[in-house]
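Undergrad: Contents of coords_13.txt (compact mmCIF, C-alpha atoms) are given next:
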# COMPACT_ATOMS: atom_id res chain seq x y z
CA MET A 1 -23.89 16.79 16.33
CA THR A 2 -23.65 20.27 14.85
CA THR A 3 -23.57 20.92 11.10
CA ARG A 4 -19.98 22.07 11.36
CA MET A 5 -18.94 18.88 13.18
CA LYS A 6 -20.79 16.73 10.62
CA THR A 7 -19.01 18.57 7.80
CA LEU A 8 -15.59 18.13 9.44
CA THR A 9 -16.32 14.44 10.11
CA ALA A 10 -17.40 13.93 6.48
CA LEU A 11 -14.27 15.71 5.22
CA PHE A 12 -12.04 13.62 7.49
CA ALA A 13 -13.72 10.38 6.39
CA GLY A 14 -13.39 11.42 2.74
CA CYS A 15 -9.68 12.20 3.15
CA LEU A 16 -9.12 8.90 4.94
CA LEU A 17 -10.95 6.97 2.22
CA TRP A 18 -9.00 8.83 -0.49
CA SER A 19 -5.65 8.10 1.20
CA VAL A 20 -6.48 4.40 1.48
CA THR A 21 -7.57 4.11 -2.16
CA ALA A 22 -5.02 6.53 -3.67
CA ASP A 23 -2.35 3.83 -3.74
CA ALA A 24 -4.70 1.30 -5.32
CA HIS A 25 -3.37 2.38 -8.72
CA VAL A 26 0.25 1.70 -7.70
CA ARG A 27 1.69 -1.76 -7.25
CA LEU A 28 5.00 -2.97 -5.95
CA LYS A 29 6.42 -5.94 -7.81
CA THR A 30 9.51 -8.09 -7.20
CA TYR A 31 11.34 -9.80 -10.06
CA THR A 32 14.18 -12.34 -9.70
CA GLY A 33 16.32 -14.30 -12.10
CA GLY A 34 19.72 -14.87 -13.63
CA PHE A 35 22.01 -12.89 -15.94
CA THR A 36 24.76 -14.22 -18.19
CA SER A 37 26.97 -11.37 -19.37
CA SER A 38 29.66 -10.90 -21.98
CA GLN A 39 31.91 -7.97 -22.74
CA LEU A 40 30.74 -6.08 -25.82
CA THR A 41 33.06 -4.07 -28.05
CA GLU A 42 30.97 -3.15 -31.08
CA GLY A 43 29.49 0.32 -30.72
CA CYS A 44 31.07 0.81 -27.29
CA ASP A 45 33.56 3.57 -26.49
CA SER A 46 34.29 2.30 -22.95
CA LEU A 47 33.47 -0.94 -21.10
CA CYS A 48 30.12 -2.45 -22.07
CA THR A 49 28.46 -5.74 -21.18
CA GLY A 50 25.25 -7.40 -22.19
CA GLY A 51 23.42 -10.66 -22.31
CA PRO A 52 20.25 -12.57 -21.58
CA LEU A 53 18.15 -12.19 -18.45
CA THR A 54 16.08 -15.13 -17.25
CA GLY A 55 13.25 -15.17 -14.74
CA GLY A 56 10.76 -12.40 -14.11
CA LEU A 57 12.45 -9.85 -16.38
CA ALA A 58 13.20 -12.34 -19.18
CA GLY A 59 14.87 -10.47 -22.01
CA SER A 60 18.25 -8.79 -22.21
CA LEU A 61 20.37 -6.32 -20.27
CA TYR A 62 22.86 -3.86 -21.74
CA TRP A 63 25.31 -1.93 -19.54
CA HIS A 64 27.54 0.97 -20.57
CA MET A 65 30.28 2.29 -18.25
CA ASP A 66 30.61 6.06 -17.86
CA SER A 67 33.46 6.08 -15.31
CA MET A 68 35.80 3.88 -13.26
CA GLU A 69 37.40 4.97 -9.98
CA SER A 70 39.85 3.24 -7.66
CA THR A 71 38.91 2.55 -4.04
CA SER A 72 40.96 2.13 -0.88
CA ASP A 73 41.33 -1.56 -1.83
CA PRO A 74 43.69 -1.82 -4.84
CA ASN A 75 41.72 -4.82 -6.17
CA VAL A 76 38.31 -3.11 -6.06
CA VAL A 77 37.02 -0.48 -8.46
CA LYS A 78 33.84 1.59 -8.44
CA LEU A 79 32.05 1.74 -11.80
CA VAL A 80 29.30 4.16 -12.78
CA GLY A 81 27.20 3.54 -15.85
CA VAL A 82 23.72 2.98 -17.23
CA ASP A 83 21.64 -0.22 -17.30
CA THR A 84 18.99 -0.86 -19.93
CA VAL A 85 16.72 -3.88 -19.59
CA THR A 86 14.67 -4.88 -22.63
CA THR A 87 11.79 -7.36 -22.33
CA ALA A 88 9.02 -8.39 -24.71
CA THR A 89 6.68 -5.91 -23.00
CA GLY A 90 8.89 -2.86 -22.45
CA THR A 91 12.17 -1.41 -21.23
CA LEU A 92 13.65 -0.23 -17.94
CA SER A 93 16.72 1.95 -17.50
CA GLY A 94 18.62 4.05 -15.02
CA PRO A 95 22.00 4.96 -13.55
CA ASP A 96 24.06 2.06 -12.28
CA TYR A 97 26.71 1.80 -9.53
CA THR A 98 29.04 -1.20 -9.21
CA LEU A 99 31.77 -2.37 -6.85
CA TRP A 100 33.93 -4.93 -8.68
CA ASN A 101 36.82 -6.94 -7.27
CA LEU A 102 39.18 -7.38 -10.22
CA ALA A 103 41.20 -10.08 -8.41
CA THR A 104 38.22 -12.37 -7.72
CA GLY A 105 35.72 -11.14 -10.33
CA ASP A 106 33.04 -10.73 -7.64
CA PHE A 107 30.78 -7.72 -7.98
CA VAL A 108 27.64 -6.13 -6.64
CA ASP A 109 25.70 -3.74 -8.81
CA VAL A 110 22.77 -1.44 -8.00
CA ALA A 111 20.76 0.36 -10.67
CA ILE A 112 18.26 3.08 -9.80
CA ILE A 113 15.43 2.48 -12.25
CA ASN A 114 13.98 5.84 -13.23
CA GLN A 115 12.68 5.27 -16.77
CA GLY A 116 10.40 2.73 -18.37
CA THR A 117 8.44 2.13 -21.56
CA GLY A 118 5.57 -0.15 -22.53
CA ALA A 119 4.36 -2.23 -19.59
CA PHE A 120 6.99 -0.45 -17.48
CA ALA A 121 5.96 3.14 -18.35
CA GLY A 122 6.21 5.22 -15.18
CA ALA A 123 8.06 2.49 -13.27
CA HIS A 124 10.75 3.29 -10.73
CA GLY A 125 12.73 1.25 -8.24
CA SER A 126 15.96 -0.70 -7.99
CA LEU A 127 17.74 -3.55 -9.73
CA VAL A 128 20.45 -5.34 -7.73
CA ILE A 129 22.79 -7.75 -9.51
CA GLN A 130 25.34 -9.89 -7.64
CA GLY A 131 27.75 -12.36 -9.16
CA GLY A 132 31.06 -12.74 -10.89
CA PHE A 133 32.63 -11.39 -14.07
CA ASP A 134 36.03 -12.61 -15.25
CA PRO A 135 37.79 -9.59 -16.80
CA ALA A 136 40.29 -11.81 -18.66
CA ALA A 137 37.61 -14.02 -20.24
CA GLY A 138 35.07 -11.21 -20.65
CA HIS A 139 32.18 -13.34 -19.32
CA GLY A 140 30.18 -13.60 -16.14
CA THR A 141 27.16 -15.08 -14.40
CA SER A 142 25.02 -13.48 -11.75
CA ASN A 143 21.59 -13.26 -10.15
CA TYR A 144 19.31 -10.26 -9.87
CA VAL A 145 16.46 -8.93 -7.77
CA ALA A 146 14.41 -5.99 -9.02
CA LEU A 147 11.92 -4.15 -6.83
CA LEU A 148 9.73 -1.91 -8.96
CA THR A 149 6.85 0.41 -8.28
CA LEU A 150 4.47 0.29 -11.24
CA PRO A 151 1.73 2.90 -11.71
CA HIS A 152 -0.96 0.45 -12.87
What does this structure look like when you write it as structure tokens?

TA:
Amino acid sequence: MTTRMKTLTALFAGCLLWSVTADAHVRLKTYTGGFTSSQLTEGCDSLCTGGPLTGGLAGSLYWHMDSMESTSDPNVVKLVGVDTVTTATGTLSGPDYTLWNLATGDFVDVAIINQGTGAFAGAHGSLVIQGGFDPAAGHGTSNYVALLTLPH
């Protein structure tokens, strides 16, 4: 084997080893649990909800609506806002998109997690919440699944 071929082989092996170990400092983690929400009025200039999270992200969730749009179904609205999850070890937040059936209370909500602090510093991923929220009572129950990429 020539010196040039040995060098190229060594470089290729080094790149392959680096690519295999480069993601060793990143981990993908799934969290699941429940969420009990209530409408909040204090300090809110639009529609806000919040309440306790149970399960893997035990703590609390606060949601603030930025906009509401009608859809082709007169019972369903599209909400855009921001989710903030606070746990004992850090916070997660990001833009949030919801489809909510006002007639049944059923909703599905997807947050794009793009900020984190504490144990969640550098985290990104998604938080999906599905459940029901009664607009007349101002309360709801739901379940969540969060899929987060954590840098450590």

Undergrad: Find the residue from A:Gly59, A:Gly118, A:Gly132, A:Gly140 that sits nearest to A:Trp100; use only C-alpha atoms when measuring.

TA: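 Checking each candidate against A:Trp100, we get A:Gly132 as the closest.
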
Undergrad: At what distance in Å, to one decimal, does atom CA of A:Thr149 lie from atom CA of A:Ser38?

TA: 28.9 Å

Undergrad: Using only C-alpha atoms, find the one residue out of A:Leu79, A:Leu92, A:Ala121, A:Leu127 that sits nearest to A:Phe107.

TA: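 Using only C-alpha atoms, A:Phe107 sits closest to A:Leu79.
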
Undergrad: Suppose you want the space between atom CA of A:Asn114 and atom CA of A:Gly94; what is it in Å?

TA: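 Spanning atom CA of A:Asn114 to atom CA of A:Gly94 is a straight-line distance of 5.3 Å.
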
Undergrad: How many Å lie between atom CA of A:Thr98 and atom CA of A:Cys48, rounded to one decimal?

TA: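 One can read the atom CA of A:Thr98 to atom CA of A:Cys48 distance as 13.0 Å.
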
Undergrad: Measuring between all atoms listed in the file, which one of A:Asp83, A:Phe133, A:Val128, A:Ser142 shows the shortest distance to A:Gln39?

TA: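 Of all the options, A:Phe133 lies closest to A:Gln39.
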
Undergrad: Between A:Met65, A:Ala123, A:Ala137, A:Ala111, which one has atoms that come closest to A:Cys44, using only C-alpha atoms?

TA: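 Among the listed residues, the smallest separation from A:Cys44 belongs to A:Met65.
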
Undergrad: Hey, which of A:Ile129, A:Leu99, A:Val82, A:Ile112 ends up closest to A:Tyr62? Count only C-alpha atoms.

TA: A:Val82
